[in-house]
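So this one's my_file33.pdb, PDB, C-alpha atoms:
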```pdb
ATOM      1  CA  MET A   1     -46.038 128.991  85.766  1.00  0.00           C
ATOM      2  CA  PRO A   2     -48.547 126.484  84.461  1.00  0.00           C
ATOM      3  CA  SER A   3     -47.750 122.802  84.223  1.00  0.00           C
ATOM      4  CA  PHE A   4     -48.960 120.302  81.652  1.00  0.00           C
ATOM      5  CA  LYS A   5     -50.081 116.712  82.150  1.00  0.00           C
ATOM      6  CA  ILE A   6     -48.208 114.076  80.177  1.00  0.00           C
ATOM      7  CA  ASP A   7     -50.153 111.025  78.994  1.00  0.00           C
ATOM      8  CA  LEU A   8     -48.061 107.849  79.245  1.00  0.00           C
ATOM      9  CA  SER A   9     -50.968 105.429  78.724  1.00  0.00           C
ATOM     10  CA  SER A  10     -49.493 104.056  75.487  1.00  0.00           C
ATOM     11  CA  ALA A  11     -45.815 104.320  76.521  1.00  0.00           C
ATOM     12  CA  VAL A  12     -43.395 101.759  77.907  1.00  0.00           C
ATOM     13  CA  VAL A  13     -41.319 103.213  80.766  1.00  0.00           C
ATOM     14  CA  PHE A  14     -38.132 101.832  82.344  1.00  0.00           C
ATOM     15  CA  VAL A  15     -35.869 103.132  85.101  1.00  0.00           C
ATOM     16  CA  ALA A  16     -32.661 104.408  83.474  1.00  0.00           C
ATOM     17  CA  THR A  17     -30.948 105.667  86.640  1.00  0.00           C
ATOM     18  CA  ALA A  18     -31.789 104.781  90.242  1.00  0.00           C
ATOM     19  CA  PRO A  19     -33.356 107.447  92.492  1.00  0.00           C
ATOM     20  CA  GLU A  20     -30.937 109.944  93.989  1.00  0.00           C
ATOM     21  CA  PRO A  21     -31.613 112.700  96.525  1.00  0.00           C
ATOM     22  CA  LYS A  22     -32.517 116.010  94.872  1.00  0.00           C
ATOM     23  CA  MET A  23     -30.334 118.731  96.323  1.00  0.00           C
ATOM     24  CA  VAL A  24     -31.058 122.443  96.664  1.00  0.00           C
ATOM     25  CA  ASN A  25     -27.449 123.158  97.575  1.00  0.00           C
ATOM     26  CA  LYS A  26     -24.784 120.487  97.103  1.00  0.00           C
ATOM     27  CA  LYS A  27     -22.210 122.450  99.110  1.00  0.00           C
ATOM     28  CA  THR A  28     -24.356 122.590 102.246  1.00  0.00           C
ATOM     29  CA  GLY A  29     -26.121 119.264 101.653  1.00  0.00           C
ATOM     30  CA  GLU A  30     -29.552 120.902 101.731  1.00  0.00           C
ATOM     31  CA  ARG A  31     -32.212 118.561 100.296  1.00  0.00           C
ATOM     32  CA  ALA A  32     -35.118 119.689  98.147  1.00  0.00           C
ATOM     33  CA  VAL A  33     -38.490 119.190  99.826  1.00  0.00           C
ATOM     34  CA  ASP A  34     -42.060 119.136  98.560  1.00  0.00           C
ATOM     35  CA  ARG A  35     -43.605 122.500  99.451  1.00  0.00           C
ATOM     36  CA  GLU A  36     -47.028 120.975 100.143  1.00  0.00           C
ATOM     37  CA  THR A  37     -46.118 117.843 102.102  1.00  0.00           C
ATOM     38  CA  GLY A  38     -42.592 118.479 103.346  1.00  0.00           C
ATOM     39  CA  ALA A  39     -41.431 115.138 101.871  1.00  0.00           C
ATOM     40  CA  ASP A  40     -37.814 114.888 100.698  1.00  0.00           C
ATOM     41  CA  MET A  41     -37.493 114.839  96.903  1.00  0.00           C
ATOM     42  CA  SER A  42     -35.568 112.428  94.676  1.00  0.00           C
ATOM     43  CA  THR A  43     -34.621 112.456  91.004  1.00  0.00           C
ATOM     44  CA  VAL A  44     -35.055 109.349  88.825  1.00  0.00           C
ATOM     45  CA  GLY A  45     -33.914 108.890  85.229  1.00  0.00           C
ATOM     46  CA  LEU A  46     -36.696 107.345  83.130  1.00  0.00           C
ATOM     47  CA  LEU A  47     -36.531 105.973  79.604  1.00  0.00           C
ATOM     48  CA  VAL A  48     -39.891 106.562  77.929  1.00  0.00           C
ATOM     49  CA  SER A  49     -40.584 104.720  74.686  1.00  0.00           C
ATOM     50  CA  ASP A  50     -43.692 105.666  72.728  1.00  0.00           C
ATOM     51  CA  GLU A  51     -44.642 105.602  69.042  1.00  0.00           C
ATOM     52  CA  GLY A  52     -41.203 104.328  67.992  1.00  0.00           C
ATOM     53  CA  GLU A  53     -39.279 107.031  69.819  1.00  0.00           C
ATOM     54  CA  GLY A  54     -37.352 106.793  73.088  1.00  0.00           C
ATOM     55  CA  ASN A  55     -36.453 109.692  75.365  1.00  0.00           C
ATOM     56  CA  LEU A  56     -34.617 110.011  78.662  1.00  0.00           C
ATOM     57  CA  TYR A  57     -36.226 112.236  81.297  1.00  0.00           C
ATOM     58  CA  GLN A  58     -34.975 113.272  84.726  1.00  0.00           C
ATOM     59  CA  VAL A  59     -38.115 113.203  86.869  1.00  0.00           C
ATOM     60  CA  THR A  60     -38.475 114.630  90.370  1.00  0.00           C
ATOM     61  CA  VAL A  61     -40.576 112.508  92.745  1.00  0.00           C
ATOM     62  CA  PRO A  62     -41.337 112.759  96.478  1.00  0.00           C
ATOM     63  CA  GLU A  63     -39.551 109.965  98.358  1.00  0.00           C
ATOM     64  CA  THR A  64     -42.972 108.845  99.615  1.00  0.00           C
ATOM     65  CA  GLY A  65     -43.895 108.050  95.981  1.00  0.00           C
ATOM     66  CA  CYS A  66     -40.653 106.263  95.155  1.00  0.00           C
ATOM     67  CA  PRO A  67     -40.447 102.651  96.412  1.00  0.00           C
ATOM     68  CA  GLU A  68     -37.233 100.913  97.451  1.00  0.00           C
ATOM     69  CA  GLY A  69     -35.417  98.829  94.863  1.00  0.00           C
ATOM     70  CA  LEU A  70     -36.028 100.871  91.700  1.00  0.00           C
ATOM     71  CA  ALA A  71     -33.009  99.724  89.723  1.00  0.00           C
ATOM     72  CA  PRO A  72     -32.021 100.468  86.120  1.00  0.00           C
ATOM     73  CA  GLY A  73     -34.011  98.314  83.698  1.00  0.00           C
ATOM     74  CA  THR A  74     -37.069  98.014  85.971  1.00  0.00           C
ATOM     75  CA  PRO A  75     -40.338  98.539  84.058  1.00  0.00           C
ATOM     76  CA  VAL A  76     -42.465 101.133  85.879  1.00  0.00           C
ATOM     77  CA  LYS A  77     -45.698 103.071  85.795  1.00  0.00           C
ATOM     78  CA  VAL A  78     -45.568 106.813  86.397  1.00  0.00           C
ATOM     79  CA  LEU A  79     -48.449 108.499  88.201  1.00  0.00           C
ATOM     80  CA  GLY A  80     -49.294 112.162  87.738  1.00  0.00           C
ATOM     81  CA  LEU A  81     -46.431 113.146  85.423  1.00  0.00           C
ATOM     82  CA  LYS A  82     -46.359 116.860  84.597  1.00  0.00           C
ATOM     83  CA  ALA A  83     -43.992 119.087  82.637  1.00  0.00           C
ATOM     84  CA  ARG A  84     -43.247 122.706  83.368  1.00  0.00           C
ATOM     85  CA  ASP A  85     -40.985 125.225  81.660  1.00  0.00           C
ATOM     86  CA  TRP A  86     -38.524 127.259  83.701  1.00  0.00           C
ATOM     87  CA  GLU A  87     -36.117 130.129  83.260  1.00  0.00           C
ATOM     88  CA  ASN A  88     -33.561 131.736  85.564  1.00  0.00           C
ATOM     89  CA  GLU A  89     -30.530 133.958  85.510  1.00  0.00           C
ATOM     90  CA  PHE A  90     -27.270 133.109  87.272  1.00  0.00           C
ATOM     91  CA  ASN A  91     -24.109 135.226  87.036  1.00  0.00           C
ATOM     92  CA  GLY A  92     -25.599 137.169  84.158  1.00  0.00           C
ATOM     93  CA  GLN A  93     -26.378 134.071  82.103  1.00  0.00           C
ATOM     94  CA  LYS A  94     -29.974 133.166  81.256  1.00  0.00           C
ATOM     95  CA  ARG A  95     -30.897 129.502  81.371  1.00  0.00           C
ATOM     96  CA  HIS A  96     -34.145 127.757  80.518  1.00  0.00           C
ATOM     97  CA  GLY A  97     -35.555 124.280  80.151  1.00  0.00           C
ATOM     98  CA  ILE A  98     -38.366 121.898  81.022  1.00  0.00           C
ATOM     99  CA  SER A  99     -38.673 120.149  84.379  1.00  0.00           C
ATOM    100  CA  PHE A 100     -40.616 116.936  84.961  1.00  0.00           C
ATOM    101  CA  ARG A 101     -42.347 115.925  88.154  1.00  0.00           C
ATOM    102  CA  ALA A 102     -44.432 112.899  89.122  1.00  0.00           C
ATOM    103  CA  VAL A 103     -46.611 112.066  92.089  1.00  0.00           C
ATOM    104  CA  ALA A 104     -45.298 108.485  92.243  1.00  0.00           C
ATOM    105  CA  ILE A 105     -43.407 105.782  90.375  1.00  0.00           C
ATOM    106  CA  THR A 106     -44.459 102.160  90.877  1.00  0.00           C
ATOM    107  CA  PRO A 107     -43.134  98.881  89.472  1.00  0.00           C
ATOM    108  CA  ALA A 108     -45.178  97.738  86.444  1.00  0.00           C
ATOM    109  CA  VAL A 109     -46.953  94.428  86.949  1.00  0.00           C
TER     110      VAL A 109
END
```

Would you mind writing the structure in this file as structure tokens?
Amino acid sequence: MPSFKIDLSSAVVFVATAPEPKMVNKKTGERAVDRETGADMSTVGLLVSDEGEGNLYQVTVPETGCPEGLAPGTPVKVLGLKARDWENEFNGQKRHGISFRAVAITPAV
């Protein structure tokens, strides 16, 4: 499926929830990994405020692009943010949504 670049050049972005390991299977403890680099993946909650509107996004980031100490309230810059739609079926129920992924998140200076 295609992905779409998201322009955050005019947005203000803050960490809403600290990075947590992204799991493939919580029962077995299997971590999600980047298919290209093999890096473990994390999920970070970001509050994005732009043009008078604020939204909360759960963004997946490789641990190599997620520095230590990203705490809620920290202003950040997001590099290479993309959105992608998804759909799956589990136990006969169809689900769909939009996933967000970034190359890196860095503290704003």

With the PyMOL selection byres ((chain A and resi 70) around 8) as the selection, what would be picked from this file? Answer as a PDB file with C-alpha atoms, in the coordinates of the input, please.
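Once everything was written out, this is out_19.pdb:
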```pdb
ATOM      1  CA  VAL A  15     -35.869 103.132  85.101  1.00  0.00           C
ATOM      2  CA  ALA A  18     -31.789 104.781  90.242  1.00  0.00           C
ATOM      3  CA  PRO A  19     -33.356 107.447  92.492  1.00  0.00           C
ATOM      4  CA  CYS A  66     -40.653 106.263  95.155  1.00  0.00           C
ATOM      5  CA  PRO A  67     -40.447 102.651  96.412  1.00  0.00           C
ATOM      6  CA  GLU A  68     -37.233 100.913  97.451  1.00  0.00           C
ATOM      7  CA  GLY A  69     -35.417  98.829  94.863  1.00  0.00           C
ATOM      8  CA  ALA A  71     -33.009  99.724  89.723  1.00  0.00           C
ATOM      9  CA  PRO A  72     -32.021 100.468  86.120  1.00  0.00           C
ATOM     10  CA  THR A  74     -37.069  98.014  85.971  1.00  0.00           C
ATOM     11  CA  PRO A 107     -43.134  98.881  89.472  1.00  0.00           C
TER      12      PRO A 107
END
```

TODO: Would you list the residues near (-46.9, 109.8, 93.5), meaning any protein, DNA or RNA residue with an atom at most 9 Å from that point in file coordinates, counting all atoms listed in the file, as a list of chain:residue names?
DONE: A:Val61, A:Pro62, A:Glu63, A:Thr64, A:Gly65, A:Cys66, A:Val78, A:Leu79, A:Gly80, A:Leu81, A:Ala102, A:Val103, A:Ala104, A:Ile105, A:Thr106

Open item on the list: Counting all atoms listed in the file, which residues have an atom no more than 10 Å from (-46.2, 105.6, 74.7) in the file's coordinates? Please list them as a list in words.
Closed with: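 The requested residues, written out, are Asp7, Leu8, Ser9, Ser10, Ala11, Val12, Val13, Val48, Ser49, Asp50, Glu51, Gly52, Glu53 and Gly54 of chain A.
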
What residues come out when you apply the PyMOL selection byres ((chain A and resi 42-45) around 7) to this file, written as a PDB file with C-alpha atoms, in the frame of the given file?
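This went into expr-v5.pdb:
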```
ATOM      1  CA  VAL A  15     -35.869 103.132  85.101  1.00  0.00           C
ATOM      2  CA  ALA A  16     -32.661 104.408  83.474  1.00  0.00           C
ATOM      3  CA  THR A  17     -30.948 105.667  86.640  1.00  0.00           C
ATOM      4  CA  ALA A  18     -31.789 104.781  90.242  1.00  0.00           C
ATOM      5  CA  PRO A  19     -33.356 107.447  92.492  1.00  0.00           C
ATOM      6  CA  GLU A  20     -30.937 109.944  93.989  1.00  0.00           C
ATOM      7  CA  PRO A  21     -31.613 112.700  96.525  1.00  0.00           C
ATOM      8  CA  LYS A  22     -32.517 116.010  94.872  1.00  0.00           C
ATOM      9  CA  ASP A  40     -37.814 114.888 100.698  1.00  0.00           C
ATOM     10  CA  MET A  41     -37.493 114.839  96.903  1.00  0.00           C
ATOM     11  CA  LEU A  46     -36.696 107.345  83.130  1.00  0.00           C
ATOM     12  CA  LEU A  47     -36.531 105.973  79.604  1.00  0.00           C
ATOM     13  CA  LEU A  56     -34.617 110.011  78.662  1.00  0.00           C
ATOM     14  CA  TYR A  57     -36.226 112.236  81.297  1.00  0.00           C
ATOM     15  CA  GLN A  58     -34.975 113.272  84.726  1.00  0.00           C
ATOM     16  CA  VAL A  59     -38.115 113.203  86.869  1.00  0.00           C
ATOM     17  CA  THR A  60     -38.475 114.630  90.370  1.00  0.00           C
ATOM     18  CA  VAL A  61     -40.576 112.508  92.745  1.00  0.00           C
ATOM     19  CA  PRO A  62     -41.337 112.759  96.478  1.00  0.00           C
ATOM     20  CA  GLU A  63     -39.551 109.965  98.358  1.00  0.00           C
TER      21      GLU A  63
END
```

- [ ] Could you tell me which residues the PyMOL selection byres ((chain A and resi 5) around 6) returns for this structure, as an NGL selection string?
- [x] :A and (4 or 6 or 82)

TODO: Please indicate the distance in Å from atom CA of Ala108 of chain A to atom CA of Val76 of chain A, rounded to one decimal place.
DONE: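 Distance reported for this atom pair: 4.4 Å.
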
- [ ] Name the closest residue to Glu87 of chain A among the candidates A:Ser99, A:Gly73, A:Asp34, A:Val109; distances are taken between atoms, counting only C-alpha atoms.
- [x] A:Ser99

Task: For atom CA of Arg84 of chain A and atom CA of Gly29 of chain A, the interatomic separation in Å (one decimal) - done: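 Atom-to-atom, atom CA of Arg84 of chain A to atom CA of Gly29 of chain A, that is 25.3 Å.
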
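The interatomic distance for the pair atom CA of Phe90 of chain A and atom CA of Asn55 of chain A works out to 27.8 Å.
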